[in-house]
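Student: Dropping the structure in here first, questions after.
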Amino acid sequence: MLAGTKGSLVDRIARVIVDIQTRELSEPFDYLVPESLDTTAVVGTPVLVPFGPQRVVGYVVERVQSSELAELRELEAVLGQPLFMPWAFGLATQIASEYVATLADAMRLFLPPGGTPRVERIYSIAGPRPERGLGLAVYDAVQEAGELTSGALRRLGVTAPQTASRLVSSGALGRRYDLRAAAAGPVDDRWVELTAGAGFVPRPTATMQRAVLESLRDGPVRVSELSASLGPVDAAVRRLADEGALTVVLRRRLRGSPMPLRPAPRHGRLSAGQTAALAAIESAQAGTAILLHGVTGSGKTEVYLRAIERVVSAGGSAVVLVPEISLTPQTVGRFRSRFGDRVAVLHSRLSAGERFDQWDRARTGEASVVVGPRSALFAPVTGLRLVVIDEEHESSYKQGSAPRYHARDVARGLCRATGAVLVLGSATPSLETMESCSRGDCTSISMPERVAGGTVSPVTVVDMASEFADGHRSMFSRPLLAGLERVSVRREKAVLLMNRRGFASFLLCRDCGFVPRCSDCSVSLTYHEVGDRLVCHQCGRTETVPTACPKCGSVYLRQFGAGTQRVEAELAAAVPGLPIVRMDLDTTRAKGGHEQRLAEFEALGSGVLLGTQMIAKGLDYPDVTLVGVINADTTLHLPDFRAGERTYQLLEQVAGRTGRAEKPGEVIVQTYWPDHGAIQAVAMHDPSALYDEERLVRTELGYPPFGRLANVTYTGSDPDAVRLCASALSESLRRSVPPGWAVLGPSPAVIARIRGSYRWHVLIKAPAGADLSSALAKALCEVPAREGVSVAPDVDPFDLM
C-alpha cells in the first residue's frame with residue numbers, strides 16, 4: 001500500500017510497516033526519507049511516521065529508489081537502532097499469510113521482549129537558560145538530570161510537557177525520540193572516576209566533595225553506591241565534574257546476568273551414532289533439515305554442542321529451541337559450560353528486563369548462541385548458520401495467541417531465507433516430521449544406543465481394572481508400591497509422573513475401563529457438569545450420562561483424575577520416611593521455584609520427585625532407578641485426535657529418566673487401557689505399535705499430516721452474538737469451499753466459557769497441500785465479527801480444545 005497520490009518517481013524511499021493491528025493493513029507504506037535521516041533509517045529501524053491525523057510507530061522493512069506516488073509524507077524520526085534482520089520482513093509476511101494474522105502482529109515477533117513498544121520523547125539542554133517564565137523549573141530539572149523523558153516531566157506538573165515543547169521551539173531544550181518497550185529497556189548506571197592530572201582541591205568545608213574524591217581513589221564507583229554509603233551526592237558529583245576533578249560515564253548494566261563461566265572442555269569420544277549425526281549436519285546443504293531420531297540418553301545434546309562449536313569457530317551463530325518446560329538449570333548449564341558468556345538465554349522465568357538484556361546481547365553480537373523457547377527463533381542474531389529444535393514433537397512450539405505459528409514450520413522458512421541448517425531432535429518424533437522424512441523433505445539420522453552405558457529400562461504395564469477387581473483400592477498399584485519400597489531400602493531415587501493435562505474430564509468405568517467415545521470422531525466424550533451430559537467437541541454430538549456402564553453394566557462410573565497434593569499425601573502415608581519433592585504449577589509459580597525444587601531433589605540422598613509433565617524431560621539424574629506413571633489414561637481420553645500420539649511421547653520421555661547410568665532402572669505404568677497402541681508402544685519400546693494404526697485412522701479421517709485443519713474460535717460476553725458469528729462463518733465457508741473440504745460446526749468450545757466470555761468454534765478440514773489460509777482469510781473478510789466478539793483463526797492447530 002502507498003501513502004500519497006500516484007504519479008512521478010521520487011528518490012530515498014523507505015517502505016514502512018505501521019504498528020497497527022488490522023487485517024486491512026497487509027502491505028508496507030512508502031515514506032520519503034529526509035536527508036538528515038538517510039544514513040540511520042536503515043532496514044530494521046523503528047521510526048515515527050505520520051499516519052492520517054496521528055503519529056505512529058513503524059518499522060523500515062525495505063529501502064527503494066523510487067515510488068509510484070508523486071507526493072509522499074516524510075519520516076519524522078528514527079527511534080533507535082535496527083531491531084531485526086533484513087530477512088525478517090519476508091518471513092513475517094509468510095507468517096501473516098499462512099496463519100491468517102495481521103502483518104503488525106507478525107512483525108512484533110521480531111521486536112524486543114517487554115511488551116508493545118511506545119514512543120518516548122527525551123529532552124536535553126540545547127541552549128542558554130531562559131531569563132524568566134514558567135520554563136525555568138523545567139529547564140533546571142532537565143539540566144540537573146542530564147536528560148528527562150516526557151513521562152518524568154509529567155511528574156513536575158500537568159503542563160510540564162507543553163512547557164518543554166515551547167523550550168524546544170525557542171532553542172533552550174533539544175528533543176529526540178526513542179522507542180521504549182512497555183515493560184523493559186536498557187538500563188544504564190552512572191559511574192564516576194577520578195580525572196587523571198586534575199588539580200582541583202575542594203574547600204575545607206566541602207566535606208561531601210572531599211568524601212567523594214576519597215571514595216574514588218581505589219577506582220571507579222557507581223553513583224548509587226556512593227549515595228548508599230555517603231548519602232545524597234548528586235550536587236557534589238556535579239560540582240566536581242564541572243571542575244574537571246572527576247568524570248561521569250554511563251555504563252550498561254545487565255540485569256540478572258549470571259557470573260561468567262569458564263568454557264568447559266569436551267569429554268569422551270563420540271559414539272558411532274553421534275559421529276554419523278555430526279557428519280550429516282556438517283555436510284548438509286544450506287536451508288535443509290535433518291532429524292536426529294535418538295533414544296533418550298543417546299547423546300543428542302552433545303551432537304548439538306559440537307555442531308554449534310564448529311559454527312561459532314567459523315564466525316557464525318546458532319539458535320537452539322528448547323521447550324519452556326525443559327529449560328532447566330541442567331539444560332542451560334550444558335550450553336553455558338561449553339560456550340561461557342557467548343550464550344544468551346531467553347525464557348519466561350526471567351523478568352522483562354532480564355529478557356531484554358539477553359535479547360540485546362544477541363543483537364549486538366555479544367552472544368552468538370541463543371537458547372530459549374519458541375520466541376528465541378526470532379532473536380536478531382547475525383550470521384545464522386544453525387537452528388536446533390530439541391524435542392521437536394512438543395506442543396509448546398505452537399503459539400497460543402496471534403499469530404498462531406508453529407516454530408518448526410517457521411524455522412524451515414527461516415533456514416531457507418538465511419541458508420542455515422535446521423536440526424530437529426527427538427526420541428519420539430511427531431508424525432508430521434516422520435512423514436516429512438518419508439517424502440524426502442527431511443533427512444532422518446538414527447541414534448539407537450545410549451552413550452553413558454545405560455540400557456533402555458523394561459516397562460511393566462499394570463492393569464488398574466484388575467487391581468480394582470482384586471480389591472486393591474489404592475491409587476498406587478501393588479507393583480508400584482513394591483518398587484517404591486525397593487527405592488527406599490536401597491537409598492535410591494524415583495520419579496513419579498501425574499499425567500494430568502488441563503481441565504478436560506471424562507467418565508471411566510472402574511470395573512472394565514470403558515470410556516464413552518464419539519462414534520463419528522474417534523475421540524472421547526467430555527463430561528459437562530452443567531446439564532449432566534457428554535459432548536463431543538469435534539462435531540457437537542451430545543449424549544446423556546449413562547447410569548451404568550454400557551459395556552459391563554457396572555455402576556462404578558466416575559470422573560477420572562486426582563491432584564498432585566492428594567497424591568503427595570497418600571504417597572507419604574504409603575511409604576513413610578521417603579522424602580518427597582512435589583513439582584507442579586503451584587510449587588514452581590514463584591521466580592526460581594523450578595530451580596529450587598530440582599535443587600532439593602538433587603540434594604536428597606534418596607527420595608521421590610513427584611510432578612506433572614514438567615518432570616518428564618530435560619532432567620538427567622543417574623541415580624534415578626524407578627519411574628512410575630500414576631495415571632497414563634488421562635491424556636488418552638482427551639477430545640483430541642493427537643491424544644494417542646501425545647500420550648506415547650510423554651510416557652516414552654518420562655521412561656527415559658531412568659536407567660541412564662550403570663544402575664538398572666525400571667518403569668511402571670498404571671492404566672485402565674493396557675492394550676492401547678500408545679501403552680503397547682511404550683511397553684515394547686516400539687513406536688510402530690502406535691504409529692501404524694495412527695496413519696490408518698488419520699488417513700481415513702483426513703487428519704494431519706494426511707489433511708489440513710483450521711480451527712476458528714469466537715469469543716464474547718453475549719452468547720447469542722458469539723453463536724451467530726460462528727454460524728455466519730460456517731455458512732460462508734460451506735458456500736465457498738471446493739469439493740473434498742468439510743466444515744464442522746459451529747459448536748461450543750471445550751471450555752465453553754472463560755472469565756464470563758462464551759466460546760464457539762468452527763473446524764475446517766481440507767486435503768493435504770490445500771491453500772487453507774487463503775480460503776479462510778477471504779471468508780473472515782466477508783463475514784467480519786460483530787462488535788464485542790473477537791475471532792481467533794488457528795491454521796494447522798496443535799490443540800482443538
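Chain labels run A, B, ... following the order of the C-alpha cells; each chain numbers its residues from 1, and ligands are numbered from 1 in the order shown.
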If DSSP is run on the backbone, what residues of stretch 682-794 of chain A are strand (DSSP E)? A reply as an mmCIF file with C-alpha atoms, in the first residue's frame would be ideal.
Tutor:
```
data_model
loop_
_atom_site.group_PDB
_atom_site.id
_atom_site.type_symbol
_atom_site.label_atom_id
_atom_site.label_comp_id
_atom_site.auth_asym_id
_atom_site.auth_seq_id
_atom_site.Cartn_x
_atom_site.Cartn_y
_atom_site.Cartn_z
ATOM 1 C CA GLY A 707 -5.037 -33.499 5.664
ATOM 2 C CA ARG A 708 -5.162 -29.915 6.870
ATOM 3 C CA LEU A 709 -7.186 -28.298 9.640
ATOM 4 C CA ALA A 710 -8.138 -24.806 10.736
ATOM 5 C CA ASN A 711 -9.928 -24.018 13.958
ATOM 6 C CA VAL A 712 -11.676 -20.645 14.283
ATOM 7 C CA THR A 713 -12.789 -19.627 17.770
ATOM 8 C CA TYR A 714 -15.226 -16.806 18.522
ATOM 9 C CA THR A 715 -15.339 -15.242 21.998
ATOM 10 C CA GLY A 716 -17.635 -12.651 23.562
ATOM 11 C CA ALA A 742 -15.535 -30.190 5.185
ATOM 12 C CA VAL A 743 -16.846 -27.547 7.550
ATOM 13 C CA LEU A 744 -17.745 -28.878 11.025
ATOM 14 C CA GLY A 745 -19.793 -26.909 13.497
ATOM 15 C CA PRO A 746 -20.317 -24.406 14.821
ATOM 16 C CA SER A 747 -20.299 -25.914 18.294
ATOM 17 C CA PRO A 748 -19.354 -24.739 21.791
ATOM 18 C CA ALA A 749 -15.639 -24.928 22.522
ATOM 19 C CA VAL A 750 -14.415 -27.467 25.064
ATOM 20 C CA ILE A 751 -14.165 -24.662 27.596
ATOM 21 C CA ALA A 752 -17.438 -23.045 26.649
ATOM 22 C CA ARG A 753 -16.985 -20.057 28.945
ATOM 23 C CA ILE A 754 -13.859 -18.366 30.307
ATOM 24 C CA SER A 757 -16.896 -14.867 27.866
ATOM 25 C CA TYR A 758 -18.619 -17.506 25.755
ATOM 26 C CA ARG A 759 -16.667 -19.511 23.168
ATOM 27 C CA TRP A 760 -17.803 -21.212 19.944
ATOM 28 C CA HIS A 761 -15.656 -22.669 17.228
ATOM 29 C CA VAL A 762 -15.755 -23.816 13.606
ATOM 30 C CA LEU A 763 -13.456 -26.541 12.261
ATOM 31 C CA ILE A 764 -12.408 -26.656 8.605
ATOM 32 C CA LYS A 765 -10.863 -29.802 7.093
ATOM 33 C CA ALA A 766 -9.080 -29.746 3.737
ATOM 34 C CA PRO A 767 -6.893 -32.139 1.730
ATOM 35 C CA VAL A 789 -16.976 -10.526 19.557
ATOM 36 C CA SER A 790 -13.355 -11.482 18.931
ATOM 37 C CA VAL A 791 -12.225 -14.060 16.393
ATOM 38 C CA ALA A 792 -9.104 -16.237 16.601
ATOM 39 C CA PRO A 793 -8.193 -18.245 13.493
ATOM 40 C CA ASP A 794 -5.756 -21.102 14.080
#
```
Student: Just the residues within 7 Å of A:Cys536, please, counting only C-alpha atoms, with nothing from its chain fewer than 5 positions along; format it as an MDAnalysis selection string.
Tutor: chainID A and resid 518 525:526 541:542
Student: For the selection just defined, write its residues with all heavy atoms to a file, as a PDB file, in the first residue's frame.
Tutor:
```pdb
ATOM      1  N   CYS A 518     -17.136 -40.694  21.017  1.00  0.00           N
ATOM      2  CA  CYS A 518     -17.992 -40.279  19.909  1.00  0.00           C
ATOM      3  C   CYS A 518     -17.856 -41.289  18.779  1.00  0.00           C
ATOM      4  O   CYS A 518     -16.745 -41.638  18.369  1.00  0.00           O
ATOM      5  CB  CYS A 518     -17.597 -38.880  19.429  1.00  0.00           C
ATOM      6  SG  CYS A 518     -18.531 -38.315  17.999  1.00  0.00           S
ATOM      7  N   LEU A 525     -15.828 -38.538  24.736  1.00  0.00           N
ATOM      8  CA  LEU A 525     -16.826 -37.517  25.039  1.00  0.00           C
ATOM      9  C   LEU A 525     -16.437 -36.824  26.340  1.00  0.00           C
ATOM     10  O   LEU A 525     -15.996 -37.467  27.300  1.00  0.00           O
ATOM     11  CB  LEU A 525     -18.208 -38.150  25.187  1.00  0.00           C
ATOM     12  CG  LEU A 525     -18.782 -38.799  23.916  1.00  0.00           C
ATOM     13  CD1 LEU A 525     -20.083 -39.524  24.244  1.00  0.00           C
ATOM     14  CD2 LEU A 525     -19.002 -37.766  22.825  1.00  0.00           C
ATOM     15  N   THR A 526     -16.580 -35.513  26.339  1.00  0.00           N
ATOM     16  CA  THR A 526     -16.208 -34.723  27.509  1.00  0.00           C
ATOM     17  C   THR A 526     -17.406 -34.563  28.430  1.00  0.00           C
ATOM     18  O   THR A 526     -18.511 -34.241  27.985  1.00  0.00           O
ATOM     19  CB  THR A 526     -15.700 -33.333  27.077  1.00  0.00           C
ATOM     20  OG1 THR A 526     -14.546 -33.503  26.265  1.00  0.00           O
ATOM     21  CG2 THR A 526     -15.335 -32.491  28.286  1.00  0.00           C
ATOM     22  N   ARG A 541     -21.844 -33.566  18.903  1.00  0.00           N
ATOM     23  CA  ARG A 541     -22.738 -34.654  19.314  1.00  0.00           C
ATOM     24  C   ARG A 541     -22.919 -34.651  20.841  1.00  0.00           C
ATOM     25  O   ARG A 541     -21.957 -34.456  21.593  1.00  0.00           O
ATOM     26  CB  ARG A 541     -22.152 -35.990  18.861  1.00  0.00           C
ATOM     27  CG  ARG A 541     -22.969 -37.221  19.255  1.00  0.00           C
ATOM     28  CD  ARG A 541     -22.193 -38.489  18.912  1.00  0.00           C
ATOM     29  NE  ARG A 541     -22.922 -39.684  19.264  1.00  0.00           N
ATOM     30  CZ  ARG A 541     -23.749 -40.320  18.451  1.00  0.00           C
ATOM     31  NH1 ARG A 541     -23.930 -39.859  17.219  1.00  0.00           N
ATOM     32  NH2 ARG A 541     -24.378 -41.403  18.831  1.00  0.00           N
ATOM     33  N   THR A 542     -24.167 -34.853  21.311  1.00  0.00           N
ATOM     34  CA  THR A 542     -24.475 -34.828  22.737  1.00  0.00           C
ATOM     35  C   THR A 542     -25.159 -36.127  23.148  1.00  0.00           C
ATOM     36  O   THR A 542     -26.010 -36.655  22.424  1.00  0.00           O
ATOM     37  CB  THR A 542     -25.390 -33.638  23.071  1.00  0.00           C
ATOM     38  OG1 THR A 542     -24.728 -32.423  22.707  1.00  0.00           O
ATOM     39  CG2 THR A 542     -25.702 -33.587  24.557  1.00  0.00           C
TER      40      THR A 542
END
```
Student: Can you pull out the residues contacting stretch 135-145 of chain A? Cut-off 9 Å, using only C-alpha atoms, and skip same-chain residues under 4 positions away; I want them as a PyMOL selection string.
Tutor: chain A and resi 123-125+129-131+153+156+160-161+163-164+166-167+172-173+234-235+238
Student: Applying 12 Å and only C-alpha atoms, which residues near A:Gln670 remain after dropping the ones on its own chain fewer than 3 positions away? List them as JSON, numbers by chain.
Tutor: {"A": [459, 460, 461, 462, 463, 464, 465, 466, 467, 468, 474, 475, 476, 477, 478, 479, 480, 481, 496, 497, 498, 499, 627, 628, 629, 630, 631, 632, 633, 634, 651, 667, 673, 674, 679, 683]}
Student: Within 8 Å of A:Met107, counting only C-alpha atoms, which residues show up once you throw out same-chain ones fewer than 5 positions away? Write them as a ChimeraX atom specification, please.
Tutor: /A:88-89,92
Student: I need the chosen residues saved as an mmCIF file, in the first residue's frame, with N, CA and C atoms.
Tutor:
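Output file part_11.cif is given in full below:
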```cif
data_model
loop_
_atom_site.group_PDB
_atom_site.id
_atom_site.type_symbol
_atom_site.label_atom_id
_atom_site.label_comp_id
_atom_site.auth_asym_id
_atom_site.auth_seq_id
_atom_site.Cartn_x
_atom_site.Cartn_y
_atom_site.Cartn_z
ATOM 1 N N ALA A 88 13.749 -10.424 7.967
ATOM 2 C CA ALA A 88 12.602 -10.558 8.866
ATOM 3 C C ALA A 88 11.280 -10.218 8.180
ATOM 4 N N PHE A 89 11.285 -9.195 7.323
ATOM 5 C CA PHE A 89 10.032 -8.784 6.697
ATOM 6 C C PHE A 89 9.472 -9.890 5.817
ATOM 7 N N ALA A 92 8.057 -12.512 8.100
ATOM 8 C CA ALA A 92 6.829 -12.036 8.740
ATOM 9 C C ALA A 92 5.663 -12.066 7.763
#
```
Student: Give me, as a PyMOL selection string, all polymer residues having an atom no more than 7 Å from A:Ile95, counting only C-alpha atoms and skipping those fewer than 4 positions away in the same chain.
Tutor: chain A and resi 91+99+106+405
Student: Could you tell me which of A:Glu76, A:Asp178, A:Asp189, A:Asp360 comes closest to A:Val119 if we count only C-alpha atoms?
Tutor: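 Once distances to A:Val119 are computed over only C-alpha atoms, the minimum belongs to A:Asp178.
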